[in-house]
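Text of the file entry12.txt, holding compact mmCIF, C-alpha atoms:
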# COMPACT_ATOMS: atom_id res chain seq x y z
CA MET A 1 -2.90 -28.37 -42.83
CA ARG A 2 -2.18 -27.06 -39.33
CA VAL A 3 -0.76 -23.55 -39.60
CA THR A 4 1.04 -21.84 -36.73
CA ARG A 5 3.26 -18.79 -36.34
CA GLU A 6 6.26 -21.16 -36.27
CA SER A 7 5.27 -22.92 -39.49
CA LEU A 8 4.77 -19.59 -41.28
CA ILE A 9 8.18 -18.38 -40.12
CA ARG A 10 9.71 -21.62 -41.39
CA ILE A 11 8.10 -21.03 -44.80
CA ALA A 12 9.51 -17.50 -44.79
CA LYS A 13 13.03 -18.79 -44.12
CA GLU A 14 12.79 -21.46 -46.79
CA ASN A 15 11.60 -18.98 -49.41
CA ALA A 16 14.31 -16.46 -48.53
CA GLN A 17 17.05 -19.09 -48.78
CA GLU A 18 15.70 -20.43 -52.07
CA ARG A 19 15.55 -16.94 -53.59
CA ALA A 20 19.06 -16.15 -52.39
CA PHE A 21 20.41 -19.37 -53.90
CA ASN A 22 18.89 -18.52 -57.29
CA ASP A 23 19.53 -14.76 -57.27
CA ARG A 24 23.05 -13.51 -56.61
CA ASP A 25 21.71 -9.95 -56.59
CA LEU A 26 19.85 -10.61 -53.34
CA VAL A 27 21.93 -9.21 -50.49
CA ALA A 28 19.51 -9.67 -47.57
CA ALA A 29 16.03 -10.84 -46.63
CA TYR A 30 14.03 -10.16 -43.50
CA LEU A 31 10.61 -10.81 -42.06
CA THR A 32 8.38 -8.02 -40.79
CA GLY A 33 4.70 -7.49 -39.96
CA SER A 34 2.50 -9.47 -37.59
CA LEU A 35 4.71 -12.57 -37.55
CA VAL A 36 7.43 -10.67 -35.68
CA SER A 37 5.09 -8.63 -33.48
CA ASP A 38 3.31 -9.56 -30.28
CA ALA A 39 -0.05 -9.64 -32.07
CA ASP A 40 -1.75 -12.81 -33.23
CA PRO A 41 -0.96 -13.00 -36.97
CA MET A 42 -4.24 -14.79 -37.67
CA LEU A 43 -7.44 -12.88 -38.34
CA GLY A 44 -10.39 -14.89 -39.60
CA GLY A 45 -8.02 -17.86 -39.89
CA THR A 46 -5.87 -16.10 -42.50
CA ALA A 47 -2.49 -14.39 -42.51
CA ASP A 48 0.20 -13.19 -44.85
CA ILE A 49 3.98 -13.51 -44.62
CA ASP A 50 5.55 -10.07 -44.98
CA LEU A 51 8.99 -10.44 -46.53
CA VAL A 52 11.47 -7.80 -47.62
CA PHE A 53 14.15 -8.69 -50.17
CA VAL A 54 17.05 -6.26 -50.48
CA HIS A 55 18.89 -6.22 -53.81
CA ILE A 56 22.25 -4.83 -54.88
CA GLN A 57 20.67 -3.29 -57.98
CA ARG A 58 17.33 -1.50 -58.12
CA PRO A 59 14.80 -4.35 -58.60
CA GLY A 60 12.46 -4.37 -61.57
CA ILE A 61 9.42 -4.89 -59.33
CA THR A 62 8.55 -3.34 -55.98
CA ARG A 63 5.96 -5.77 -54.67
CA GLU A 64 5.08 -9.39 -55.30
CA VAL A 65 2.28 -11.60 -53.98
CA VAL A 66 2.75 -15.37 -54.03
CA LYS A 67 -0.14 -17.69 -53.18
CA LEU A 68 0.56 -20.55 -50.80
CA THR A 69 -2.99 -21.69 -50.00
CA PRO A 70 -6.34 -19.87 -50.31
CA ASP A 71 -5.78 -18.48 -46.78
CA PHE A 72 -2.03 -17.80 -46.77
CA HIS A 73 0.35 -16.00 -49.11
CA LEU A 74 3.72 -14.31 -49.31
CA ASP A 75 3.67 -10.51 -49.54
CA ILE A 76 7.15 -9.61 -50.76
CA VAL A 77 8.50 -6.07 -50.94
CA HIS A 78 11.60 -5.62 -53.09
CA ARG A 79 14.06 -2.89 -52.10
CA SER A 80 17.43 -1.67 -53.26
CA LYS A 81 20.48 -1.59 -51.01
CA ASP A 82 20.62 2.14 -51.75
CA ASP A 83 17.37 2.61 -49.82
CA PHE A 84 19.38 1.99 -46.64
CA LYS A 85 22.55 3.96 -47.36
CA SER A 86 21.74 6.61 -44.76
CA PRO A 87 20.74 5.11 -41.39
CA ARG A 88 20.31 8.62 -40.01
CA GLU A 89 17.64 9.33 -42.61
CA LEU A 90 15.97 6.03 -41.76
CA ARG A 91 15.43 7.30 -38.23
CA VAL A 92 12.96 9.89 -39.49
CA ASP A 93 11.29 7.63 -42.04
CA PRO A 94 7.85 6.73 -40.58
CA LEU A 95 7.58 3.49 -42.57
CA LEU A 96 11.02 2.18 -43.50
CA GLY A 97 12.47 3.19 -40.14
CA TYR A 98 10.06 0.97 -38.23
CA GLU A 99 10.34 -1.78 -40.82
CA MET A 100 14.09 -2.00 -40.27
CA TYR A 101 14.14 -1.34 -36.52
CA ASP A 102 13.23 -4.79 -35.28
CA PRO A 103 12.51 -7.33 -38.05
CA MET A 104 13.63 -10.95 -38.16
CA LEU A 105 16.72 -11.45 -40.27
CA LEU A 106 16.34 -14.46 -42.55
CA TYR A 107 19.36 -14.17 -44.80
CA GLN A 108 22.26 -11.87 -45.64
CA ARG A 109 25.16 -12.23 -48.05
CA GLU A 110 27.30 -9.63 -46.27
CA LYS A 111 27.25 -7.64 -43.01
CA PHE A 112 24.55 -5.37 -44.40
CA PHE A 113 21.91 -5.84 -41.75
CA GLU A 114 24.04 -5.16 -38.65
CA PHE A 115 25.49 -1.98 -40.14
CA VAL A 116 22.14 -0.48 -41.06
CA GLN A 117 20.43 -1.46 -37.83
CA ALA A 118 23.31 -0.18 -35.68
CA GLY A 119 23.06 3.21 -37.36
CA LEU A 120 19.30 3.25 -37.00
CA ARG A 121 19.36 2.38 -33.29
CA ALA A 122 22.46 4.40 -32.34
CA GLY A 123 22.20 6.20 -29.02
CA PHE A 124 18.71 4.84 -28.30
CA GLU A 125 17.34 7.95 -29.99
CA PHE A 126 14.81 6.23 -32.25
CA HIS A 127 12.08 6.50 -29.62
CA ALA A 128 13.15 9.93 -28.33
CA PRO A 129 10.50 12.69 -28.63
CA ALA A 130 12.38 14.61 -31.31
CA LEU A 131 12.59 11.68 -33.73
CA VAL A 132 9.11 10.40 -32.90
CA LEU A 133 7.65 13.82 -33.71
CA ALA A 134 9.76 14.09 -36.87
CA ARG A 135 8.28 10.84 -38.19
CA CYS A 136 4.74 11.76 -37.16
CA ARG A 137 5.01 15.21 -38.71
CA LYS A 138 6.11 13.65 -41.99
CA LEU A 139 2.94 11.60 -42.07
CA LEU A 140 0.86 14.62 -41.11
CA ALA A 141 2.44 16.69 -43.89
CA GLU A 142 1.64 13.97 -46.42
CA ALA A 143 -1.94 13.85 -45.15
CA ARG A 144 -2.19 17.64 -45.40
CA LYS A 145 -0.97 17.53 -49.00
CA GLY A 146 -3.65 14.96 -49.76
CA TRP A 147 -6.27 17.23 -48.24
CA MET A 148 -5.03 20.21 -50.27
CA ASP A 149 -5.36 18.22 -53.49
CA LEU A 150 -9.01 17.57 -52.60
CA SER A 151 -9.93 20.93 -51.11
CA ASP A 152 -11.11 22.46 -54.38
CA ILE A 153 -12.82 19.34 -55.75
CA SER A 154 -16.60 19.69 -55.92
CA LYS A 155 -18.92 16.78 -55.13
CA ASP A 156 -19.76 16.48 -58.84
CA LYS A 157 -16.10 15.86 -59.71
CA ALA A 158 -15.41 13.29 -57.01
CA GLY A 159 -14.93 9.69 -58.07
CA PRO A 160 -12.67 6.68 -57.41
CA ILE A 161 -9.44 8.68 -57.79
CA GLN A 162 -10.54 11.30 -55.27
CA ILE A 163 -11.85 8.77 -52.74
CA LYS A 164 -8.57 6.86 -53.00
CA GLN A 165 -6.72 10.12 -52.26
CA PHE A 166 -9.06 10.86 -49.38
CA LEU A 167 -8.62 7.44 -47.79
CA GLN A 168 -4.86 7.68 -48.21
CA ALA A 169 -4.85 11.04 -46.42
CA VAL A 170 -7.03 9.66 -43.61
CA HIS A 171 -4.73 6.65 -43.26
CA ARG A 172 -1.65 8.85 -42.97
CA ALA A 173 -3.33 11.16 -40.48
CA ALA A 174 -4.35 8.26 -38.24
CA ASN A 175 -0.88 6.73 -38.43
CA ALA A 176 0.61 10.11 -37.52
CA VAL A 177 -1.29 9.74 -34.23
CA ALA A 178 -0.55 6.03 -33.90
CA GLU A 179 3.20 6.44 -34.33
CA LEU A 180 3.39 8.61 -31.24
CA ASN A 181 3.32 5.30 -29.39
CA GLY A 182 4.37 2.54 -31.74
CA SER A 183 4.76 1.29 -35.27
CA PRO A 184 2.33 1.95 -38.16
CA LEU A 185 -1.05 0.29 -37.80
CA ALA A 186 -1.67 -3.05 -39.47
CA GLU A 187 -3.87 -2.80 -42.56
CA ARG A 188 -6.65 -5.19 -41.57
CA ARG A 189 -6.65 -4.09 -37.93
CA PHE A 190 -6.40 -0.38 -38.72
CA LEU A 191 -9.65 0.68 -37.02
CA LEU A 192 -9.42 -2.07 -34.42
CA GLU A 193 -6.02 -0.93 -33.11
CA PHE A 194 -6.41 2.83 -33.49
CA PRO A 195 -8.47 3.42 -30.31
CA ALA A 196 -5.65 2.22 -28.04
CA ARG A 197 -3.18 4.50 -29.84
CA ALA A 198 -5.51 7.50 -29.56
CA GLN A 199 -5.87 6.82 -25.84
CA ALA A 200 -2.09 6.59 -25.49
CA ALA A 201 -1.79 9.92 -27.32
CA GLU A 202 -4.19 11.41 -24.74
CA ARG A 203 -6.71 12.18 -27.43
CA PRO A 204 -9.61 9.71 -26.99
CA ALA A 205 -11.82 12.09 -29.00
CA PHE A 206 -9.77 11.17 -32.07
CA ILE A 207 -11.43 7.74 -32.06
CA ALA A 208 -14.93 8.99 -32.84
CA THR A 209 -13.51 11.57 -35.22
CA LEU A 210 -11.75 8.94 -37.31
CA PHE A 211 -14.80 6.67 -37.48
CA ASN A 212 -17.02 9.65 -38.37
CA ILE A 213 -14.69 10.85 -41.15
CA LEU A 214 -14.93 7.41 -42.73
CA GLY A 215 -18.72 7.44 -42.42
CA ALA A 216 -18.98 4.67 -39.83
CA SER A 217 -21.50 6.69 -37.84
CA ASP A 218 -23.90 6.56 -40.81
CA ILE A 219 -24.00 2.78 -41.20
CA ASP A 220 -24.23 -0.42 -39.17
CA ALA A 221 -22.62 -3.86 -39.27
CA PRO A 222 -25.47 -5.57 -41.20
CA LEU A 223 -25.04 -3.04 -44.01
CA VAL A 224 -21.30 -3.75 -44.23
CA SER A 225 -22.14 -7.45 -44.37
CA ASP A 226 -24.58 -6.76 -47.21
CA TRP A 227 -21.79 -5.05 -49.17
CA LEU A 228 -19.50 -8.10 -49.08
CA SER A 229 -20.91 -9.83 -52.16
CA ASN A 230 -20.53 -6.76 -54.40
CA TRP A 231 -17.12 -6.05 -52.90
CA GLU A 232 -15.96 -9.59 -53.77
CA THR A 233 -17.22 -9.26 -57.35
CA ALA A 234 -15.34 -5.99 -57.79
CA PHE A 235 -12.21 -7.36 -56.11
CA LEU A 236 -11.99 -10.36 -58.42
CA ALA A 237 -12.75 -8.33 -61.54
CA ALA A 238 -10.12 -5.73 -60.66
CA SER A 239 -7.53 -8.37 -59.78
CA GLU A 240 -7.43 -9.33 -63.47
CA ASN A 241 -6.31 -5.81 -64.41
CA ALA A 242 -2.53 -5.39 -64.57
CA LYS A 243 -2.85 -1.76 -63.43
CA VAL A 244 -4.57 -2.49 -60.13
CA ASP A 245 -2.82 -1.96 -56.81
CA GLN A 246 -1.02 -5.17 -55.77
CA ARG A 247 -3.11 -5.36 -52.63
CA VAL A 248 -6.02 -6.32 -54.89
CA HIS A 249 -4.62 -9.70 -55.82
CA PRO A 250 -6.64 -12.94 -56.10
CA ALA A 251 -4.40 -14.59 -53.50
CA ARG A 252 -5.48 -11.92 -51.01
CA LEU A 253 -9.25 -12.36 -51.39
CA ASN A 254 -9.72 -14.59 -48.33
CA TYR A 255 -7.12 -12.54 -46.45
CA TYR A 256 -9.54 -9.61 -46.55
CA LYS A 257 -12.90 -11.36 -46.77
CA LYS A 258 -12.44 -13.65 -43.78
CA ALA A 259 -10.92 -10.78 -41.79
CA VAL A 260 -13.95 -8.59 -42.49
CA GLU A 261 -16.28 -11.42 -41.50
CA ALA A 262 -14.33 -12.01 -38.27
CA LEU A 263 -14.36 -8.31 -37.39
CA LEU A 264 -18.10 -8.09 -38.06
CA THR A 265 -18.73 -10.67 -35.35
CA GLY A 266 -16.24 -9.15 -32.92
CA GLU A 267 -16.51 -6.50 -30.23
CA SER A 268 -15.96 -3.65 -32.69
CA PRO A 269 -17.82 -4.73 -35.84
CA LEU A 270 -17.40 -1.41 -37.66
CA ALA A 271 -13.64 -1.91 -37.55
CA SER A 272 -14.39 -4.06 -40.61
CA LEU A 273 -15.10 -0.91 -42.62
CA TRP A 274 -11.48 -0.02 -43.41
CA PRO A 275 -10.23 -3.20 -45.13
CA LEU A 276 -13.48 -3.41 -47.10
CA ILE A 277 -13.90 0.18 -48.32
CA HIS A 278 -10.19 0.71 -48.90
CA THR A 279 -9.68 -2.34 -51.12
CA TRP A 280 -13.04 -1.74 -52.82
CA THR A 281 -11.85 1.76 -53.70
CA LEU A 282 -8.55 0.44 -55.05
CA ALA A 283 -10.56 -1.95 -57.21
CA ALA A 284 -12.94 0.81 -58.37
CA ASN A 285 -9.97 2.77 -59.71
CA VAL A 286 -9.42 0.25 -62.52
CA LEU A 287 -13.00 -0.85 -63.23
CA GLU A 288 -15.42 0.48 -65.81
CA ASN A 289 -18.22 2.83 -64.80
CA ASN A 290 -20.84 0.11 -65.15
CA GLN A 291 -18.88 -2.07 -62.70
CA ILE A 292 -18.61 0.42 -59.85
CA LYS A 293 -22.25 1.32 -59.22
CA PRO A 294 -22.44 -0.75 -55.97
CA TRP A 295 -19.24 0.92 -54.78
CA GLN A 296 -20.71 4.34 -55.55
CA ILE A 297 -23.87 3.52 -53.60
CA ALA A 298 -21.81 2.35 -50.62
CA CYS A 299 -19.69 5.52 -50.71
CA GLU A 300 -22.82 7.67 -50.86
CA GLN A 301 -24.18 5.85 -47.81
CA LEU A 302 -20.90 6.60 -46.05
CA GLY A 303 -21.02 10.24 -47.11
CA LEU A 304 -17.82 9.86 -49.12
CA LEU A 305 -19.55 10.63 -52.41
CA GLY A 306 -22.46 12.87 -53.30
CA ASN A 307 -23.68 15.52 -50.90
CA GLY A 308 -21.42 14.36 -48.09
CA PHE A 309 -18.10 14.56 -49.95
CA GLU A 310 -17.27 18.20 -49.31
CA GLN A 311 -18.19 17.88 -45.63
CA ARG A 312 -15.92 14.85 -45.26
CA VAL A 313 -13.03 16.82 -46.77
CA SER A 314 -13.76 19.69 -44.39
CA ASP A 315 -13.86 17.27 -41.45
CA LEU A 316 -10.46 15.94 -42.50
CA ASP A 317 -9.07 19.47 -42.49
CA HIS A 318 -10.27 19.99 -38.92
CA TYR A 319 -8.87 16.60 -37.88
CA LEU A 320 -5.44 17.50 -39.24
CA ASP A 321 -5.54 20.78 -37.31
CA GLU A 322 -6.34 18.94 -34.08
CA ILE A 323 -3.49 16.49 -34.65
CA GLU A 324 -1.09 19.38 -35.22
CA ILE A 325 -2.22 20.98 -31.97
CA ARG A 326 -1.43 17.74 -30.12
CA PHE A 327 2.00 17.57 -31.74
CA ASP A 328 2.70 21.16 -30.66
CA GLU A 329 1.75 20.28 -27.08
CA ILE A 330 4.18 17.36 -27.08
CA ALA A 331 6.89 19.49 -28.68
CA ALA A 332 6.48 22.27 -26.14
CA ALA A 333 6.55 19.81 -23.24
CA ASN A 334 9.88 18.47 -24.50
CA GLY A 335 11.49 21.77 -25.38
CA LEU A 336 11.20 21.20 -29.13
CA GLU A 337 10.08 23.48 -31.93
CA THR A 338 6.35 23.77 -32.49
CA SER A 339 4.56 24.46 -35.76
CA LEU A 340 4.54 28.14 -34.82
CA THR A 341 8.32 28.30 -34.41
CA VAL A 342 9.50 26.03 -37.25

Same coordinates, now as structure tokens:
Amino acid sequence: MRVTRESLIRIAKENAQERAFNDRDLVAAYLTGSLVSDADPMLGGTADIDLVFVHIQRPGITREVVKLTPDFHLDIVHRSKDDFKSPRELRVDPLLGYEMYDPMLLYQREKFFEFVQAGLRAGFEFHAPALVLARCRKLLAEARKGWMDLSDISKDKAGPIQIKQFLQAVHRAANAVAELNGSPLAERRFLLEFPARAQAAERPAFIATLFNILGASDIDAPLVSDWLSNWETAFLAASENAKVDQRVHPARLNYYKKAVEALLTGESPLASLWPLIHTWTLAANVLENNQIKPWQIACEQLGLLGNGFEQRVSDLDHYLDEIEIRFDEIAAANGLETSLTV
């Protein structure tokens, strides 16, 4: 089967129209993610189709993964129409704001889409410094809260829950920097795309800092490759647990595995670390203790568990401070409030 961007978009349209025909509660559907960006949607020969279905009533599920082939799947987010009732609030939403700013409309039952998007884009203010900083500061505040929750956790108490919190805080911190000059970073290309955003933010030092916080400076590509077999075992075992994060779904195995393998052979092989360690950690959160030993060993090698844990949390604290300093510089240069005047 020959798969192209055009064929994936056609599948997206067909699925949206079929759902709308069978579900009168569906008010709109749109396509987001790599298929509507300038980036190549394929990584390791795999891709997903990011769909958003907007319902009149609050939907019973928030996310749904539908397998198409071993290498392609639908990743459907279900939202309520009420999520979009205030376009002004969407402007300062670091995730939903970008999601709605420039997607591809696939279906609508009423003039919902134009109304929301007009309010979101009004006055060309979405990319103005004030709103950009507002969105970035929201992400930074969420990252800071994550750090605070970990700041009094000793290395002996750290486990899958704490590492999940840590990675979430790191992800939000990096996206706070990234959104100074664009949309949130793609999951699989997180570490691959961050360097360009750090350069654009005039903070190239943030690149090494991010890789070091994640432990990339303590490992090499062959070690990441060695982890793949144990990662796959954990991924498949966790995917059978109803409580696992929806990203750990059997239909997404190749989506991650082939991406990691492709990144390992690319120009920045350690960019493979994020999709592997993040999904492995999500899996570890629902597995039994006897199933997570390889994950624990990998995290110890990265300095995320054991003796390195408290230092990693301290490094995150310093990273957040440096990001805040950069935000204050941008605010001052544009006549906006800084963290010292808010």

| Of the listed residues A:Tyr255, A:Phe206, A:Trp295, A:Tyr30, that which approaches Ile323 in chain A most closely, counting all atoms listed in the file | A:Phe206

For the contact check between range 202-313 of chain A and range 64-85 of chain A, emit one row per residue of range 202-313 of chain A within 9 Å, containing the shortest atom pair and the distance in Å rounded to one decimal, counting only C-alpha atoms, chain then rising number order, as a tab-separated table.
residue	atom	partner	partner_atom	distance
A:Gln246	CA	A:Glu64	CA	7.4
A:Arg247	CA	A:Val65	CA	8.4
A:His249	CA	A:Val65	CA	7.4
A:Pro250	CA	A:Lys67	CA	8.6
A:Ala251	CA	A:Lys67	CA	5.3
A:Arg252	CA	A:His73	CA	7.4
A:Leu253	CA	A:Pro70	CA	8.1
A:Asn254	CA	A:Asp71	CA	5.7
A:Tyr255	CA	A:Asp71	CA	6.1
A:Lys258	CA	A:Asp71	CA	8.8

Selected residues written out with C-alpha atoms, as a JSON list (two decimals), in the frame of the given file:
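Result written to part-v7.json:
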[["chain", "number", "residue", "atom", "x", "y", "z"],
["A", 246, "GLN", "CA", -1.02, -5.17, -55.77],
["A", 247, "ARG", "CA", -3.11, -5.36, -52.63],
["A", 249, "HIS", "CA", -4.62, -9.70, -55.82],
["A", 250, "PRO", "CA", -6.64, -12.94, -56.10],
["A", 251, "ALA", "CA", -4.40, -14.59, -53.50],
["A", 252, "ARG", "CA", -5.48, -11.92, -51.01],
["A", 253, "LEU", "CA", -9.25, -12.36, -51.39],
["A", 254, "ASN", "CA", -9.72, -14.59, -48.33],
["A", 255, "TYR", "CA", -7.12, -12.54, -46.45],
["A", 258, "LYS", "CA", -12.44, -13.65, -43.78]]

Set out as a Markdown table a contact list for range 72-183 of chain A and range 33-38 of chain A with a cut-off of 9 Å, giving each residue of range 72-183 of chain A that qualifies its closest atom pair and distance in Å to one decimal, counting only C-alpha atoms, ordered by chain and rising residue number.
| residue | atom | partner | partner_atom | distance |
| --- | --- | --- | --- | --- |
| A:Glu99 | CA | A:Gly33 | CA | 8.1 |
| A:Asp102 | CA | A:Val36 | CA | 8.3 |
| A:Pro103 | CA | A:Val36 | CA | 6.5 |
| A:Met104 | CA | A:Val36 | CA | 6.7 |

| message | One decimal, in Å: what's the spacing between CA of His127 in chain A and CA of Ala169 in chain A? | response | 24.3 Å

Set out as JSON lines a contact list for range 109-168 of chain A and range 317-321 of chain A with a cut-off of 8 Å, giving each residue of range 109-168 of chain A that qualifies its closest atom pair and distance in Å to one decimal, counting only C-alpha atoms, ordered by chain and rising residue number.
{"residue": "A:Leu140", "atom": "CA", "partner": "A:Leu320", "partner_atom": "CA", "distance": 7.2}
{"residue": "A:Ala143", "atom": "CA", "partner": "A:Leu320", "partner_atom": "CA", "distance": 7.8}
{"residue": "A:Arg144", "atom": "CA", "partner": "A:Leu320", "partner_atom": "CA", "distance": 7.0}
{"residue": "A:Trp147", "atom": "CA", "partner": "A:Asp317", "partner_atom": "CA", "distance": 6.8}

| said: Would you pick out the contacts of Glu110 in chain A at 10 Å or less, using all atoms listed in the file, so that residues sharing its chain but fewer than 4 positions from it are not included, and give the list as a PyMOL selection string? | reply: chain A and resi 27-28+114-115

| message | Can you measure CA of Arg5 in chain A to CA of Val52 in chain A for me? One decimal in Å is fine. | response |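 Computing it gives 17.8 Å between the two atoms.
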
| field | Near-Leu31 in chain A list (9 Å; all atoms listed in the file; drop same-chain fewer than 6 positions) as JSON, numbers by chain | value | {"A": [9, 12, 13, 49, 50, 51, 52, 103, 104, 105, 106]}

| said: Quick one: residues within 12 Å of Leu316 in chain A, only C-alpha atoms, excluding same-chain residues fewer than 3 positions away - as a VMD selection string? | reply: chain A and resid 140 143 to 148 150 to 151 165 to 174 206 209 to 215 304 309 to 313 319 to 323

Could you write those residues out with C-alpha atoms, as a compact mmCIF listing (two decimals), in the frame of the given file?
# COMPACT_ATOMS: atom_id res chain seq x y z
CA LEU A 140 0.86 14.62 -41.11
CA ALA A 143 -1.94 13.85 -45.15
CA ARG A 144 -2.19 17.64 -45.40
CA LYS A 145 -0.97 17.53 -49.00
CA GLY A 146 -3.65 14.96 -49.76
CA TRP A 147 -6.27 17.23 -48.24
CA MET A 148 -5.03 20.21 -50.27
CA LEU A 150 -9.01 17.57 -52.60
CA SER A 151 -9.93 20.93 -51.11
CA GLN A 165 -6.72 10.12 -52.26
CA PHE A 166 -9.06 10.86 -49.38
CA LEU A 167 -8.62 7.44 -47.79
CA GLN A 168 -4.86 7.68 -48.21
CA ALA A 169 -4.85 11.04 -46.42
CA VAL A 170 -7.03 9.66 -43.61
CA HIS A 171 -4.73 6.65 -43.26
CA ARG A 172 -1.65 8.85 -42.97
CA ALA A 173 -3.33 11.16 -40.48
CA ALA A 174 -4.35 8.26 -38.24
CA PHE A 206 -9.77 11.17 -32.07
CA THR A 209 -13.51 11.57 -35.22
CA LEU A 210 -11.75 8.94 -37.31
CA PHE A 211 -14.80 6.67 -37.48
CA ASN A 212 -17.02 9.65 -38.37
CA ILE A 213 -14.69 10.85 -41.15
CA LEU A 214 -14.93 7.41 -42.73
CA GLY A 215 -18.72 7.44 -42.42
CA LEU A 304 -17.82 9.86 -49.12
CA PHE A 309 -18.10 14.56 -49.95
CA GLU A 310 -17.27 18.20 -49.31
CA GLN A 311 -18.19 17.88 -45.63
CA ARG A 312 -15.92 14.85 -45.26
CA VAL A 313 -13.03 16.82 -46.77
CA TYR A 319 -8.87 16.60 -37.88
CA LEU A 320 -5.44 17.50 -39.24
CA ASP A 321 -5.54 20.78 -37.31
CA GLU A 322 -6.34 18.94 -34.08
CA ILE A 323 -3.49 16.49 -34.65

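With all atoms listed in the file as the atoms that count, the minimum distance from Pro204 in chain A to the choices A:Leu131, A:Gly308, A:Arg326, A:Lys138 is reached by A:Arg326.
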
| request: Could you check how far CA of Leu133 in chain A sits from CA of Ala205 in chain A, in Å to one decimal? | output: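 Going from CA of Leu133 in chain A over to CA of Ala205 in chain A, I get 20.1 Å.
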
| request: List every protein, DNA or RNA residue with an atom no more than 12 Å from (19.8, -17.0, -48.4) in the file's coordinates, counting all atoms listed in the file, and format the result as a VMD selection string. | output: chain A and resid 12 to 30 53 to 54 105 to 110

When you look at Ser183 in chain A with a cut-off of 8 Å (counting all atoms listed in the file), what residues show up, excluding the ones that are within fewer than 4 positions of it in the same chain? I need them as a CSV table (one decimal) with C-alpha atoms, in the coordinates of the input.
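And here's part10.csv as it stands now:
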chain,number,residue,atom,x,y,z
A,98,TYR,CA,10.1,1.0,-38.2
A,178,ALA,CA,-0.6,6.0,-33.9
A,179,GLU,CA,3.2,6.4,-34.3

| query | Using all atoms listed in the file, which residues sit within 10 Å of Leu90 in chain A once same-chain residues fewer than 4 positions away are excluded, as a PyMOL selection string? | reply | chain A and resi 83-86+94-101+116-117+119-121+126+135

How about saving the chosen residues, C-alpha atoms kept, as a PDB file, in the coordinates of the input?
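Listing of selection_20.pdb after writing:
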ATOM      1  CA  ASP A  83      17.370   2.610 -49.820  1.00  0.00           C
ATOM      2  CA  PHE A  84      19.380   1.990 -46.640  1.00  0.00           C
ATOM      3  CA  LYS A  85      22.550   3.960 -47.360  1.00  0.00           C
ATOM      4  CA  SER A  86      21.740   6.610 -44.760  1.00  0.00           C
ATOM      5  CA  PRO A  94       7.850   6.730 -40.580  1.00  0.00           C
ATOM      6  CA  LEU A  95       7.580   3.490 -42.570  1.00  0.00           C
ATOM      7  CA  LEU A  96      11.020   2.180 -43.500  1.00  0.00           C
ATOM      8  CA  GLY A  97      12.470   3.190 -40.140  1.00  0.00           C
ATOM      9  CA  TYR A  98      10.060   0.970 -38.230  1.00  0.00           C
ATOM     10  CA  GLU A  99      10.340  -1.780 -40.820  1.00  0.00           C
ATOM     11  CA  MET A 100      14.090  -2.000 -40.270  1.00  0.00           C
ATOM     12  CA  TYR A 101      14.140  -1.340 -36.520  1.00  0.00           C
ATOM     13  CA  VAL A 116      22.140  -0.480 -41.060  1.00  0.00           C
ATOM     14  CA  GLN A 117      20.430  -1.460 -37.830  1.00  0.00           C
ATOM     15  CA  GLY A 119      23.060   3.210 -37.360  1.00  0.00           C
ATOM     16  CA  LEU A 120      19.300   3.250 -37.000  1.00  0.00           C
ATOM     17  CA  ARG A 121      19.360   2.380 -33.290  1.00  0.00           C
ATOM     18  CA  PHE A 126      14.810   6.230 -32.250  1.00  0.00           C
ATOM     19  CA  ARG A 135       8.280  10.840 -38.190  1.00  0.00           C
TER      20      ARG A 135
END

| request: Could you check which of A:Leu223, A:Ala271, A:Ala158, A:Leu302 is closest to Pro195 in chain A, using all atoms listed in the file? | output: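 That would be A:Ala271, the residue with the smallest distance to Pro195 in chain A.
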
| query | Nearest to Asp149 in chain A: which of A:Phe235, A:Pro294, A:Ile11, A:Ile161 is it, counting only C-alpha atoms? | reply | A:Ile161

Please rebuild range 183-190 of chain A with N, CA and C atoms and return the result as a short mmCIF file (atom, residue, chain, number, x, y, z; two decimals), in the coordinates of the input.
data_model
loop_
_atom_site.label_atom_id
_atom_site.label_comp_id
_atom_site.auth_asym_id
_atom_site.auth_seq_id
_atom_site.Cartn_x
_atom_site.Cartn_y
_atom_site.Cartn_z
N SER A 183 4.55 1.43 -33.83
CA SER A 183 4.76 1.29 -35.27
C SER A 183 3.48 1.60 -36.04
N PRO A 184 3.55 1.72 -37.37
CA PRO A 184 2.33 1.95 -38.16
C PRO A 184 1.30 0.86 -37.92
N LEU A 185 0.03 1.23 -38.06
CA LEU A 185 -1.05 0.29 -37.80
C LEU A 185 -1.15 -0.75 -38.90
N ALA A 186 -1.47 -1.98 -38.50
CA ALA A 186 -1.67 -3.05 -39.47
C ALA A 186 -2.89 -2.77 -40.33
N GLU A 187 -2.82 -3.14 -41.59
CA GLU A 187 -3.87 -2.80 -42.56
C GLU A 187 -5.24 -3.33 -42.16
N ARG A 188 -5.34 -4.61 -41.86
CA ARG A 188 -6.65 -5.19 -41.57
C ARG A 188 -7.17 -4.76 -40.20
N ARG A 189 -6.25 -4.46 -39.28
CA ARG A 189 -6.65 -4.09 -37.93
C ARG A 189 -6.60 -2.58 -37.71
N PHE A 190 -6.58 -1.84 -38.77
CA PHE A 190 -6.40 -0.38 -38.72
C PHE A 190 -7.36 0.28 -37.73
#
